>>> print(open('protein-v9.txt').read())   # compact mmCIF, C-alpha atoms
# COMPACT_ATOMS: atom_id res chain seq x y z
CA MET A 28 0.00 0.00 0.00
CA ARG A 29 1.21 3.48 -0.88
CA SER A 30 0.27 6.17 1.63
CA GLU A 31 1.04 9.83 2.12
CA VAL A 32 -0.27 12.87 3.95
CA LEU A 33 -1.74 15.91 2.24
CA ARG A 34 -1.67 19.12 4.25
CA VAL A 35 -4.61 21.48 3.88
CA ASP A 36 -4.95 25.00 5.26
CA MET A 37 -8.60 25.62 6.20
CA SER A 38 -8.03 29.23 7.37
CA GLY A 39 -11.20 31.20 6.72
CA ARG A 40 -13.07 28.37 5.05
CA THR A 41 -15.23 25.40 5.99
CA PHE A 42 -14.93 23.53 2.67
CA ALA A 43 -11.91 22.52 0.58
CA ASP A 44 -12.20 20.72 -2.75
CA LEU A 45 -9.42 18.11 -2.74
CA THR A 46 -10.28 16.40 -6.03
CA GLU A 47 -7.17 17.64 -7.82
CA PRO A 48 -4.48 16.69 -5.31
CA VAL A 49 -6.19 13.37 -4.54
CA SER A 50 -6.42 12.55 -8.26
CA ALA A 51 -2.75 13.43 -8.69
CA PHE A 52 -1.85 10.95 -5.93
CA VAL A 53 -3.28 8.02 -7.93
CA ALA A 54 -2.41 9.24 -11.44
CA ASP A 55 0.19 6.49 -11.95
CA ALA A 56 -1.51 3.94 -9.75
CA GLY A 57 -3.35 1.53 -12.06
CA ASP A 58 -6.40 -0.23 -10.57
CA GLY A 59 -7.28 -0.45 -6.90
CA LEU A 60 -9.00 1.18 -3.95
CA LEU A 61 -8.17 4.70 -2.82
CA ASN A 62 -8.83 5.55 0.82
CA VAL A 63 -9.03 9.21 1.84
CA PHE A 64 -8.98 9.64 5.61
CA VAL A 65 -8.93 12.64 7.97
CA PRO A 66 -7.26 11.97 11.33
CA HIS A 67 -9.13 14.82 13.06
CA ALA A 68 -12.17 14.46 15.32
CA THR A 69 -14.00 17.47 13.84
CA ALA A 70 -13.16 17.08 10.14
CA CYS A 71 -15.34 15.31 7.59
CA LEU A 72 -14.96 14.05 4.03
CA VAL A 73 -17.87 13.95 1.61
CA LEU A 74 -18.52 13.59 -2.09
CA MET A 75 -20.59 16.49 -3.38
CA GLU A 76 -20.97 18.92 -6.25
CA THR A 77 -18.99 22.11 -5.69
CA GLY A 78 -19.49 25.59 -7.10
CA SER A 79 -23.29 25.39 -7.43
CA GLY A 80 -24.31 26.48 -3.95
CA SER A 81 -24.28 23.11 -2.16
CA GLU A 82 -21.39 24.11 0.12
CA ALA A 83 -23.50 26.95 1.60
CA ASP A 84 -26.54 24.63 1.68
CA LEU A 85 -24.59 22.03 3.63
CA ALA A 86 -23.25 24.66 6.04
CA ASP A 87 -26.86 25.81 6.64
CA ALA A 88 -28.09 22.24 7.14
CA LEU A 89 -25.31 21.52 9.67
CA GLU A 90 -26.13 24.72 11.57
CA ARG A 91 -29.83 23.78 11.62
CA LEU A 92 -29.40 20.09 12.52
CA LEU A 93 -26.42 20.50 14.85
CA PRO A 94 -26.82 24.08 16.17
CA ARG A 95 -23.69 25.81 17.40
CA ASP A 96 -25.10 26.75 20.79
CA HIS A 97 -24.56 25.86 24.43
CA ARG A 98 -26.44 22.55 24.57
CA TYR A 99 -23.36 20.34 24.35
CA ARG A 100 -21.55 18.56 27.16
CA HIS A 101 -18.35 18.66 25.09
CA ARG A 102 -17.49 22.30 25.65
CA HIS A 103 -14.06 23.78 25.23
CA GLY A 104 -12.63 26.04 22.55
CA SER A 105 -15.01 28.30 20.59
CA PRO A 106 -18.78 28.35 21.26
CA GLY A 107 -20.51 25.51 19.45
CA HIS A 108 -17.40 23.33 19.41
CA GLY A 109 -19.54 20.45 20.70
CA ALA A 110 -21.33 20.53 17.34
CA ASP A 111 -18.01 20.29 15.48
CA HIS A 112 -17.43 16.96 17.23
CA LEU A 113 -20.76 15.50 16.06
CA ALA A 114 -20.42 16.38 12.38
CA PRO A 115 -18.03 13.50 11.49
CA ALA A 116 -20.46 10.94 12.98
CA PHE A 117 -23.07 12.11 10.46
CA LEU A 118 -20.92 13.06 7.47
CA GLY A 119 -18.09 10.56 7.84
CA SER A 120 -14.33 10.81 8.27
CA SER A 121 -13.21 8.87 5.22
CA LEU A 122 -14.02 7.88 1.65
CA THR A 123 -13.11 4.74 -0.26
CA ILE A 124 -13.11 5.30 -4.00
CA PRO A 125 -12.45 2.81 -6.84
CA VAL A 126 -9.57 3.72 -9.17
CA LEU A 127 -9.17 2.35 -12.70
CA GLY A 128 -6.11 3.10 -14.81
CA GLY A 129 -5.05 5.79 -12.36
CA GLU A 130 -8.42 7.58 -12.44
CA PRO A 131 -10.75 7.85 -9.45
CA GLN A 132 -14.13 6.69 -10.77
CA LEU A 133 -15.99 9.78 -9.62
CA GLY A 134 -19.13 10.96 -11.34
CA THR A 135 -19.18 14.15 -13.38
CA TRP A 136 -20.62 16.19 -10.50
CA GLN A 137 -18.77 14.59 -7.61
CA SER A 138 -15.88 16.31 -5.89
CA ILE A 139 -13.87 15.09 -2.91
CA VAL A 140 -14.56 17.71 -0.24
CA LEU A 141 -13.05 18.27 3.19
CA VAL A 142 -15.56 19.85 5.59
CA ASP A 143 -14.47 21.31 8.90
CA THR A 144 -16.61 23.71 10.91
CA ASN A 145 -13.93 23.92 13.62
CA ARG A 146 -12.10 27.24 13.35
CA ASP A 147 -9.71 26.66 16.25
CA ASN A 148 -7.15 24.68 14.25
CA PRO A 149 -7.01 25.40 10.52
CA GLN A 150 -4.02 23.15 9.76
CA ARG A 151 -5.43 19.81 8.63
CA ARG A 152 -3.90 16.58 7.42
CA VAL A 153 -5.58 14.18 5.03
CA ARG A 154 -4.10 10.70 4.61
CA LEU A 155 -4.23 9.27 1.08
CA SER A 156 -3.71 5.51 0.73
CA PHE A 157 -3.84 3.35 -2.37
CA LEU A 158 -4.14 -0.44 -2.35
CA GLY A 159 -3.70 -1.86 -5.84
CA GLY A 160 -4.73 -5.23 -7.13
CA MET B 6 -9.16 -5.54 -8.91
CA ARG B 7 -12.26 -6.61 -10.74
CA SER B 8 -14.75 -3.81 -11.46
CA GLU B 9 -18.00 -3.45 -13.38
CA VAL B 10 -20.98 -1.15 -13.63
CA LEU B 11 -24.50 -2.14 -12.66
CA ARG B 12 -27.28 -0.14 -14.28
CA VAL B 13 -30.36 0.60 -12.18
CA ASP B 14 -33.63 2.16 -13.34
CA MET B 15 -35.05 4.29 -10.49
CA SER B 16 -38.17 5.36 -12.41
CA GLY B 17 -41.00 5.89 -9.93
CA ARG B 18 -38.99 4.80 -6.89
CA THR B 19 -36.59 6.28 -4.35
CA PHE B 20 -35.17 2.96 -3.07
CA ALA B 21 -33.70 -0.05 -4.86
CA ASP B 22 -32.52 -3.18 -3.05
CA LEU B 23 -29.30 -4.20 -4.83
CA THR B 24 -28.33 -7.08 -2.53
CA GLU B 25 -28.96 -9.75 -5.16
CA PRO B 26 -26.99 -8.32 -8.09
CA VAL B 27 -24.16 -7.17 -5.82
CA SER B 28 -23.94 -10.63 -4.21
CA ALA B 29 -23.89 -12.22 -7.67
CA PHE B 30 -20.90 -10.02 -8.60
CA VAL B 31 -18.74 -11.55 -5.84
CA ALA B 32 -20.16 -15.10 -5.91
CA ASP B 33 -16.92 -16.56 -7.32
CA ALA B 34 -14.64 -14.04 -5.70
CA GLY B 35 -13.11 -15.70 -2.63
CA ASP B 36 -12.06 -13.36 0.21
CA GLY B 37 -11.58 -9.62 -0.06
CA LEU B 38 -13.17 -6.19 0.12
CA LEU B 39 -16.18 -5.26 -2.01
CA ASN B 40 -16.66 -1.58 -2.79
CA VAL B 41 -20.07 -0.40 -3.96
CA PHE B 42 -19.95 3.16 -5.30
CA VAL B 43 -22.49 5.50 -6.94
CA PRO B 44 -20.95 8.09 -9.28
CA HIS B 45 -23.92 10.46 -8.95
CA ALA B 46 -24.08 13.59 -6.78
CA THR B 47 -27.63 12.91 -5.55
CA ALA B 48 -27.53 9.13 -5.07
CA CYS B 49 -26.76 7.38 -1.79
CA LEU B 50 -25.93 3.85 -0.68
CA VAL B 51 -26.94 2.53 2.73
CA LEU B 52 -27.27 -0.76 4.56
CA MET B 53 -30.77 -1.17 5.98
CA GLU B 54 -33.58 -3.64 6.48
CA THR B 55 -36.03 -3.63 3.59
CA GLY B 56 -39.68 -4.64 3.46
CA SER B 57 -40.53 -3.70 7.06
CA GLY B 58 -41.35 -0.03 6.60
CA SER B 59 -37.90 1.49 7.02
CA GLU B 60 -37.78 2.72 3.41
CA ALA B 61 -40.84 4.95 4.04
CA ASP B 62 -39.43 5.93 7.44
CA LEU B 63 -36.16 7.00 5.84
CA ALA B 64 -37.99 8.95 3.12
CA ASP B 65 -39.95 10.77 5.86
CA ALA B 66 -36.80 11.48 7.87
CA LEU B 67 -35.04 12.91 4.80
CA GLU B 68 -38.05 15.11 4.02
CA ARG B 69 -38.12 16.35 7.63
CA LEU B 70 -34.36 16.90 8.05
CA LEU B 71 -33.65 18.13 4.51
CA PRO B 72 -36.99 19.65 3.45
CA ARG B 73 -37.68 19.86 -0.29
CA ASP B 74 -38.49 23.55 -0.31
CA HIS B 75 -37.00 26.77 -1.65
CA ARG B 76 -34.31 27.38 0.95
CA TYR B 77 -31.41 26.06 -1.12
CA ARG B 78 -28.86 28.03 -3.10
CA HIS B 79 -28.38 25.03 -5.39
CA ARG B 80 -31.56 25.43 -7.41
CA HIS B 81 -32.15 23.95 -10.83
CA GLY B 82 -34.30 21.03 -11.95
CA SER B 83 -37.34 20.07 -9.84
CA PRO B 84 -38.30 21.95 -6.66
CA GLY B 85 -36.27 20.71 -3.70
CA HIS B 86 -33.39 19.55 -5.88
CA GLY B 87 -31.01 21.34 -3.50
CA ALA B 88 -32.01 18.78 -0.87
CA ASP B 89 -31.15 15.91 -3.23
CA HIS B 90 -27.59 17.23 -3.33
CA LEU B 91 -27.21 17.18 0.47
CA ALA B 92 -28.47 13.62 1.03
CA PRO B 93 -25.20 11.88 -0.01
CA ALA B 94 -23.20 13.96 2.47
CA PHE B 95 -25.33 12.53 5.28
CA LEU B 96 -26.10 9.02 3.96
CA GLY B 97 -22.91 8.33 2.01
CA SER B 98 -22.10 7.50 -1.61
CA SER B 99 -20.39 4.17 -1.11
CA LEU B 100 -20.13 1.02 0.99
CA THR B 101 -17.14 -1.21 1.67
CA ILE B 102 -18.19 -4.71 2.66
CA PRO B 103 -16.03 -7.72 3.65
CA VAL B 104 -16.47 -10.82 1.49
CA LEU B 105 -15.53 -14.35 2.60
CA GLY B 106 -15.73 -17.32 0.25
CA GLY B 107 -17.70 -15.24 -2.25
CA GLU B 108 -20.29 -14.12 0.31
CA PRO B 109 -20.75 -10.51 1.44
CA GLN B 110 -20.71 -10.69 5.24
CA LEU B 111 -24.00 -8.84 5.67
CA GLY B 112 -26.18 -9.39 8.70
CA THR B 113 -29.54 -11.16 8.42
CA TRP B 114 -31.47 -7.89 8.26
CA GLN B 115 -29.04 -5.84 6.17
CA SER B 116 -29.70 -5.11 2.52
CA ILE B 117 -27.60 -3.00 0.15
CA VAL B 118 -29.92 -0.15 -0.81
CA LEU B 119 -29.59 2.61 -3.39
CA VAL B 120 -31.43 5.76 -2.30
CA ASP B 121 -32.09 8.59 -4.74
CA THR B 122 -34.68 11.29 -4.11
CA ASN B 123 -33.82 12.97 -7.43
CA ARG B 124 -36.55 12.24 -9.97
CA ASP B 125 -34.98 14.15 -12.85
CA ASN B 126 -32.68 11.34 -13.99
CA PRO B 127 -33.82 7.79 -13.18
CA GLN B 128 -30.99 6.01 -14.99
CA ARG B 129 -28.33 5.27 -12.42
CA ARG B 130 -25.00 3.48 -12.49
CA VAL B 131 -23.46 1.68 -9.52
CA ARG B 132 -19.82 0.64 -9.71
CA LEU B 133 -18.97 -2.69 -8.11
CA SER B 134 -15.29 -3.37 -7.37
CA PHE B 135 -13.67 -6.33 -5.67
CA LEU B 136 -10.15 -6.37 -4.30
CA GLY B 137 -9.13 -9.87 -3.21
CA GLY B 138 -6.36 -10.88 -0.90
CA MET C 14 -7.48 -11.11 3.74
CA ARG C 15 -7.53 -11.86 7.44
CA SER C 16 -10.95 -11.58 9.09
CA GLU C 17 -12.41 -12.31 12.50
CA VAL C 18 -15.42 -11.45 14.62
CA LEU C 19 -15.27 -9.40 17.80
CA ARG C 20 -18.14 -9.93 20.23
CA VAL C 21 -19.37 -6.91 22.16
CA ASP C 22 -21.87 -6.84 25.01
CA MET C 23 -23.89 -3.60 24.81
CA SER C 24 -25.99 -4.32 27.92
CA GLY C 25 -26.89 -1.02 29.56
CA ARG C 26 -24.92 1.14 27.15
CA THR C 27 -25.35 2.79 23.76
CA PHE C 28 -21.64 3.39 23.04
CA ALA C 29 -18.62 1.09 23.15
CA ASP C 30 -15.07 2.26 22.43
CA LEU C 31 -13.50 -0.53 20.35
CA THR C 32 -10.18 1.19 19.63
CA GLU C 33 -8.14 -1.19 21.78
CA PRO C 34 -9.40 -4.56 20.47
CA VAL C 35 -9.44 -3.29 16.88
CA SER C 36 -5.87 -2.00 17.20
CA ALA C 37 -4.80 -5.36 18.68
CA PHE C 38 -6.25 -7.12 15.61
CA VAL C 39 -3.83 -5.30 13.26
CA ALA C 40 -0.83 -5.05 15.61
CA ASP C 41 1.23 -7.51 13.51
CA ALA C 42 -0.36 -6.64 10.22
CA GLY C 43 2.04 -4.33 8.39
CA ASP C 44 0.48 -1.92 5.88
CA GLY C 45 -3.01 -2.15 4.42
CA LEU C 46 -6.67 -1.30 4.82
CA LEU C 47 -8.65 -2.27 7.91
CA ASN C 48 -12.40 -2.69 7.50
CA VAL C 49 -14.58 -2.62 10.62
CA PHE C 50 -18.13 -3.76 9.88
CA VAL C 51 -21.25 -4.36 12.00
CA PRO C 52 -23.64 -6.97 10.56
CA HIS C 53 -26.64 -5.56 12.45
CA ALA C 54 -29.38 -3.34 11.02
CA THR C 55 -29.50 -1.02 14.07
CA ALA C 56 -25.80 -0.77 14.94
CA CYS C 57 -23.47 2.00 13.75
CA LEU C 58 -19.73 2.61 13.69
CA VAL C 59 -18.28 6.10 13.95
CA LEU C 60 -14.97 7.79 14.65
CA MET C 61 -15.30 10.26 17.50
CA GLU C 62 -13.61 11.56 20.62
CA THR C 63 -14.66 9.65 23.72
CA GLY C 64 -14.66 10.70 27.37
CA SER C 65 -15.29 14.41 26.75
CA GLY C 66 -19.08 14.41 26.58
CA SER C 67 -19.57 13.72 22.88
CA GLU C 68 -21.22 10.34 23.50
CA ALA C 69 -24.05 12.03 25.43
CA ASP C 70 -24.15 14.82 22.82
CA LEU C 71 -24.54 12.27 20.03
CA ALA C 72 -27.25 10.40 21.96
CA ASP C 73 -29.13 13.72 22.36
CA ALA C 74 -28.70 14.60 18.67
CA LEU C 75 -30.02 11.19 17.60
CA GLU C 76 -33.04 11.54 19.92
CA ARG C 77 -33.73 15.03 18.53
CA LEU C 78 -33.21 14.20 14.84
CA LEU C 79 -34.68 10.69 14.90
CA PRO C 80 -37.16 10.85 17.82
CA ARG C 81 -38.04 7.56 19.50
CA ASP C 82 -41.80 7.96 19.16
CA HIS C 83 -44.66 6.35 17.27
CA ARG C 84 -44.19 7.95 13.88
CA TYR C 85 -42.44 4.97 12.27
CA ARG C 86 -43.92 2.33 10.00
CA HIS C 87 -41.24 -0.10 11.15
CA ARG C 88 -42.74 -0.93 14.55
CA HIS C 89 -41.94 -4.01 16.55
CA GLY C 90 -39.86 -4.50 19.71
CA SER C 91 -39.46 -1.55 22.08
CA PRO C 92 -41.09 1.86 21.41
CA GLY C 93 -38.95 3.90 19.05
CA HIS C 94 -37.38 0.85 17.43
CA GLY C 95 -38.16 2.39 14.03
CA ALA C 96 -35.61 5.09 14.88
CA ASP C 97 -32.97 2.46 15.66
CA HIS C 98 -33.31 1.24 12.08
CA LEU C 99 -32.64 4.70 10.61
CA ALA C 100 -29.49 5.48 12.60
CA PRO C 101 -27.10 3.35 10.48
CA ALA C 102 -28.24 5.11 7.29
CA PHE C 103 -27.04 8.41 8.79
CA LEU C 104 -24.07 7.27 10.91
CA GLY C 105 -22.86 4.34 8.81
CA SER C 106 -22.33 0.62 9.44
CA SER C 107 -18.64 0.37 8.70
CA LEU C 108 -15.28 2.14 8.74
CA THR C 109 -12.27 1.69 6.48
CA ILE C 110 -9.06 2.82 8.15
CA PRO C 111 -5.50 2.91 6.77
CA VAL C 112 -2.93 0.88 8.74
CA LEU C 113 0.84 1.46 8.58
CA GLY C 114 3.29 -0.82 10.35
CA GLY C 115 0.46 -2.42 12.30
CA GLU C 116 -0.95 0.90 13.52
CA PRO C 117 -4.36 2.27 12.56
CA GLN C 118 -3.67 5.83 11.40
CA LEU C 119 -6.23 7.40 13.71
CA GLY C 120 -5.89 10.96 14.92
CA THR C 121 -5.10 11.73 18.55
CA TRP C 122 -8.76 12.37 19.39
CA GLN C 123 -10.37 9.68 17.24
CA SER C 124 -11.73 6.49 18.75
CA ILE C 125 -13.52 3.65 16.95
CA VAL C 126 -16.98 3.64 18.50
CA LEU C 127 -19.88 1.22 18.19
CA VAL C 128 -23.22 2.99 18.61
CA ASP C 129 -26.42 1.02 19.11
CA THR C 130 -29.60 2.61 20.48
CA ASN C 131 -31.43 -0.74 20.23
CA ARG C 132 -31.81 -2.25 23.69
CA ASP C 133 -33.62 -5.43 22.58
CA ASN C 134 -30.49 -7.37 21.66
CA PRO C 135 -27.28 -6.38 23.49
CA GLN C 136 -25.09 -9.12 22.00
CA ARG C 137 -23.32 -7.59 19.02
CA ARG C 138 -20.75 -8.84 16.56
CA VAL C 139 -18.22 -6.63 14.79
CA ARG C 140 -16.30 -8.07 11.85
CA LEU C 141 -12.66 -6.98 11.56
CA SER C 142 -10.96 -7.53 8.20
CA PHE C 143 -7.46 -6.59 7.09
CA LEU C 144 -6.31 -6.49 3.48
CA GLY C 145 -2.56 -5.95 3.26
CA GLY C 146 -0.53 -4.72 0.33
>>> encode(input="protein-v9.txt", output="structure tokens")
Amino acid sequence: MRSEVLRVDMSGRTFADLTEPVSAFVADAGDGLLNVFVPHATACLVLMETGSGSEADLADALERLLPRDHRYRHRHGSPGHGADHLAPAFLGSSLTIPVLGGEPQLGTWQSIVLVDTNRDNPQRRVRLSFLGG
Amino acid sequence: MRSEVLRVDMSGRTFADLTEPVSAFVADAGDGLLNVFVPHATACLVLMETGSGSEADLADALERLLPRDHRYRHRHGSPGHGADHLAPAFLGSSLTIPVLGGEPQLGTWQSIVLVDTNRDNPQRRVRLSFLGG
Amino acid sequence: MRSEVLRVDMSGRTFADLTEPVSAFVADAGDGLLNVFVPHATACLVLMETGSGSEADLADALERLLPRDHRYRHRHGSPGHGADHLAPAFLGSSLTIPVLGGEPQLGTWQSIVLVDTNRDNPQRRVRLSFLGG
């Protein structure tokens, strides 16, 4: 298995489209499974369309479903940080994507997106791993 | 890795139980990991019990949590299409299932279910990939 | 692929931190992908921080988003059992985690957590599978 860490700066943003760097990681890889994994307890990885408003829609939905208020027992850092810790349970912390001939088999409108509502630590790592076969 | 595309017609339905065709794909496969992946930005894959009411319960929950109204910035196609684009972030676009002796190791009450609330394009593809070892 | 079943007793609890037994399973495993899979239609697997209140926060969020009342068509067992059957669609039934040198590449604050709100059957199995490469 080939594995490396991608570093992503989330300063001032909740969403980062990682499709390009992740695709570059497997460009010479042949066929196999690509695992994209965030080793952070408040960061999430999803497949979604970008650039058509869905990022803002997802931010709104998270705020509505997991409000950033004082209801949480997990309370340290910025207000609403308890909500940050629930997001990965709902959205997921990893993706496993089939790769054929070095190309992730994403649909036309799917991008690999890192989501992190936590503003206390903008430096994020994303582990990319490829298992060929 | 062995990989092929299953075509599914979702005309007039939001849920499709794919357990049979997916199981057939790995029937001669030995041991390994099976990845089931939908390359569509509004389609989801979940494991759930079918035939006992949970499909309707999940449809109701999606309607309640991600209402099909005019709140979304992503707005084209049918009303509520913005909600279709959020469902995969919450439900997921893929499943990775262990296979032993050609049998997906599902529980008695688990079925592999495609969920798509988008009625604008009923022709869906599902990529099945098997990595043995 | 190496695969075995971990048995977990959920009597009197909704959350079980499985990080230790899962890590032990891959301790001699080298590099590869670890799949953790629950073959139960009401059980979920998530990555989350434990011991800081997030378990109770997640239990509250599930109760709020998927209330344990009489709205469900899937109705047998204890009241609210229909909600138990929706949780895995939102939280997920499996995790795929990269392993390097026998160590799951979890973040400092990530634990592997089994979540099951169903109190009717506390005996749970979790399938651990490792595909090296």
>>> atom_distance(input="protein-v9.txt", atom1="atom CA of Ser138 of chain A", atom2="atom CA of His45 of chain B")
10.4 Å
>>> atom_distance(input="protein-v9.txt", atom1="atom CA of Gly78 of chain A", atom2="atom CA of Gly82 of chain B")
16.2 Å
>>> calpha_fit_and_write(input="protein-v9.txt", fixed="chain A", moving="chain B", output="compact mmCIF listing (two decimals) with C-alpha atoms, keeping the file's coordinate frame")
# COMPACT_ATOMS: atom_id res chain seq x y z
CA MET B 6 0.01 0.01 -0.02
CA ARG B 7 1.21 3.46 -0.89
CA SER B 8 0.29 6.17 1.63
CA GLU B 9 1.05 9.85 2.11
CA VAL B 10 -0.26 12.87 3.95
CA LEU B 11 -1.74 15.91 2.25
CA ARG B 12 -1.66 19.12 4.25
CA VAL B 13 -4.62 21.48 3.89
CA ASP B 14 -4.94 25.01 5.27
CA MET B 15 -8.60 25.63 6.21
CA SER B 16 -8.04 29.22 7.38
CA GLY B 17 -11.20 31.22 6.74
CA ARG B 18 -13.07 28.36 5.06
CA THR B 19 -15.23 25.39 6.00
CA PHE B 20 -14.92 23.52 2.67
CA ALA B 21 -11.91 22.51 0.58
CA ASP B 22 -12.20 20.72 -2.76
CA LEU B 23 -9.41 18.12 -2.74
CA THR B 24 -10.28 16.40 -6.03
CA GLU B 25 -7.18 17.65 -7.82
CA PRO B 26 -4.48 16.69 -5.31
CA VAL B 27 -6.18 13.37 -4.54
CA SER B 28 -6.43 12.54 -8.26
CA ALA B 29 -2.76 13.43 -8.70
CA PHE B 30 -1.86 10.94 -5.93
CA VAL B 31 -3.29 8.01 -7.93
CA ALA B 32 -2.42 9.23 -11.44
CA ASP B 33 0.19 6.49 -11.95
CA ALA B 34 -1.51 3.94 -9.76
CA GLY B 35 -3.34 1.51 -12.05
CA ASP B 36 -6.42 -0.22 -10.57
CA GLY B 37 -7.29 -0.44 -6.90
CA LEU B 38 -9.00 1.17 -3.94
CA LEU B 39 -8.17 4.71 -2.82
CA ASN B 40 -8.81 5.56 0.82
CA VAL B 41 -9.04 9.21 1.83
CA PHE B 42 -8.97 9.64 5.61
CA VAL B 43 -8.93 12.64 7.97
CA PRO B 44 -7.26 11.97 11.34
CA HIS B 45 -9.13 14.81 13.07
CA ALA B 46 -12.17 14.46 15.33
CA THR B 47 -13.99 17.46 13.83
CA ALA B 48 -13.15 17.07 10.14
CA CYS B 49 -15.34 15.30 7.59
CA LEU B 50 -14.96 14.03 4.04
CA VAL B 51 -17.87 13.94 1.61
CA LEU B 52 -18.53 13.58 -2.09
CA MET B 53 -20.59 16.49 -3.39
CA GLU B 54 -20.97 18.93 -6.25
CA THR B 55 -18.99 22.11 -5.69
CA GLY B 56 -19.50 25.59 -7.10
CA SER B 57 -23.29 25.39 -7.43
CA GLY B 58 -24.31 26.47 -3.94
CA SER B 59 -24.29 23.12 -2.17
CA GLU B 60 -21.39 24.11 0.11
CA ALA B 61 -23.51 26.94 1.61
CA ASP B 62 -26.54 24.65 1.68
CA LEU B 63 -24.59 22.03 3.62
CA ALA B 64 -23.25 24.66 6.04
CA ASP B 65 -26.85 25.81 6.66
CA ALA B 66 -28.08 22.24 7.14
CA LEU B 67 -25.32 21.52 9.66
CA GLU B 68 -26.13 24.72 11.57
CA ARG B 69 -29.83 23.78 11.62
CA LEU B 70 -29.41 20.09 12.52
CA LEU B 71 -26.42 20.50 14.86
CA PRO B 72 -26.84 24.07 16.16
CA ARG B 73 -23.70 25.83 17.41
CA ASP B 74 -25.12 26.77 20.78
CA HIS B 75 -24.58 25.87 24.43
CA ARG B 76 -26.43 22.57 24.58
CA TYR B 77 -23.36 20.34 24.36
CA ARG B 78 -21.55 18.57 27.17
CA HIS B 79 -18.35 18.65 25.10
CA ARG B 80 -17.49 22.30 25.67
CA HIS B 81 -14.05 23.80 25.24
CA GLY B 82 -12.64 26.05 22.54
CA SER B 83 -15.03 28.30 20.57
CA PRO B 84 -18.78 28.37 21.24
CA GLY B 85 -20.52 25.51 19.44
CA HIS B 86 -17.41 23.35 19.41
CA GLY B 87 -19.53 20.46 20.69
CA ALA B 88 -21.33 20.53 17.34
CA ASP B 89 -18.01 20.28 15.47
CA HIS B 90 -17.43 16.96 17.23
CA LEU B 91 -20.75 15.49 16.07
CA ALA B 92 -20.41 16.38 12.38
CA PRO B 93 -18.03 13.48 11.50
CA ALA B 94 -20.45 10.93 12.97
CA PHE B 95 -23.08 12.09 10.48
CA LEU B 96 -20.92 13.06 7.47
CA GLY B 97 -18.09 10.55 7.84
CA SER B 98 -14.32 10.80 8.28
CA SER B 99 -13.22 8.88 5.22
CA LEU B 100 -14.01 7.88 1.64
CA THR B 101 -13.10 4.73 -0.26
CA ILE B 102 -13.11 5.29 -4.00
CA PRO B 103 -12.45 2.81 -6.85
CA VAL B 104 -9.58 3.73 -9.17
CA LEU B 105 -9.16 2.36 -12.71
CA GLY B 106 -6.10 3.11 -14.82
CA GLY B 107 -5.04 5.81 -12.36
CA GLU B 108 -8.41 7.58 -12.44
CA PRO B 109 -10.76 7.85 -9.44
CA GLN B 110 -14.13 6.69 -10.77
CA LEU B 111 -15.99 9.79 -9.60
CA GLY B 112 -19.13 10.96 -11.34
CA THR B 113 -19.17 14.18 -13.38
CA TRP B 114 -20.62 16.21 -10.51
CA GLN B 115 -18.76 14.59 -7.61
CA SER B 116 -15.87 16.31 -5.90
CA ILE B 117 -13.87 15.09 -2.90
CA VAL B 118 -14.56 17.71 -0.24
CA LEU B 119 -13.05 18.27 3.20
CA VAL B 120 -15.56 19.84 5.58
CA ASP B 121 -14.46 21.30 8.91
CA THR B 122 -16.61 23.71 10.91
CA ASN B 123 -13.93 23.93 13.62
CA ARG B 124 -12.10 27.25 13.34
CA ASP B 125 -9.72 26.67 16.23
CA ASN B 126 -7.15 24.69 14.25
CA PRO B 127 -7.00 25.39 10.50
CA GLN B 128 -4.03 23.14 9.76
CA ARG B 129 -5.42 19.81 8.64
CA ARG B 130 -3.89 16.58 7.42
CA VAL B 131 -5.58 14.16 5.03
CA ARG B 132 -4.11 10.69 4.60
CA LEU B 133 -4.23 9.27 1.09
CA SER B 134 -3.71 5.51 0.72
CA PHE B 135 -3.84 3.34 -2.37
CA LEU B 136 -4.15 -0.43 -2.35
CA GLY B 137 -3.71 -1.87 -5.84
CA GLY B 138 -4.74 -5.23 -7.12
>>> axis_aligned_box(input="protein-v9.txt", around="segment 94-105 of chain B", padding_each_side="6 Å", output="AutoDock Vina command-line options")
--center_x -20.8 --center_y -0.2 --center_z 1.8 --size_x 22.6 --size_y 40.3 --size_z 18.9
>>> closest_residue(input="protein-v9.txt", among="C:Ser67, C:Gln136, C:Asn131, C:Thr27", to="chain A", atoms="all atoms listed in the file")
C:Ser67
>>> interface_residues(input="protein-v9.txt", of="chain B", to="chain C", cutoff="7 Å", atoms="all atoms listed in the file", output="list of chain:residue names")
B:Asp36, B:Gly37, B:Val51, B:Leu52, B:Met53, B:Glu54, B:Ser57, B:Gly58, B:Ser59, B:Asp62, B:Leu63, B:Phe95, B:Leu96, B:Pro103, B:Leu111, B:Gly112, B:Trp114, B:Gln115, B:Gly138
>>> atom_distance(input="protein-v9.txt", atom1="atom CA of Thr113 of chain B", atom2="atom CA of Gly35 of chain B")
20.3 Å
>>> closest_residue(input="protein-v9.txt", among="B:Leu50, B:Ala64, B:Val131, B:Leu105", to="Ala34 of chain B", atoms="all atoms listed in the file")
B:Leu105
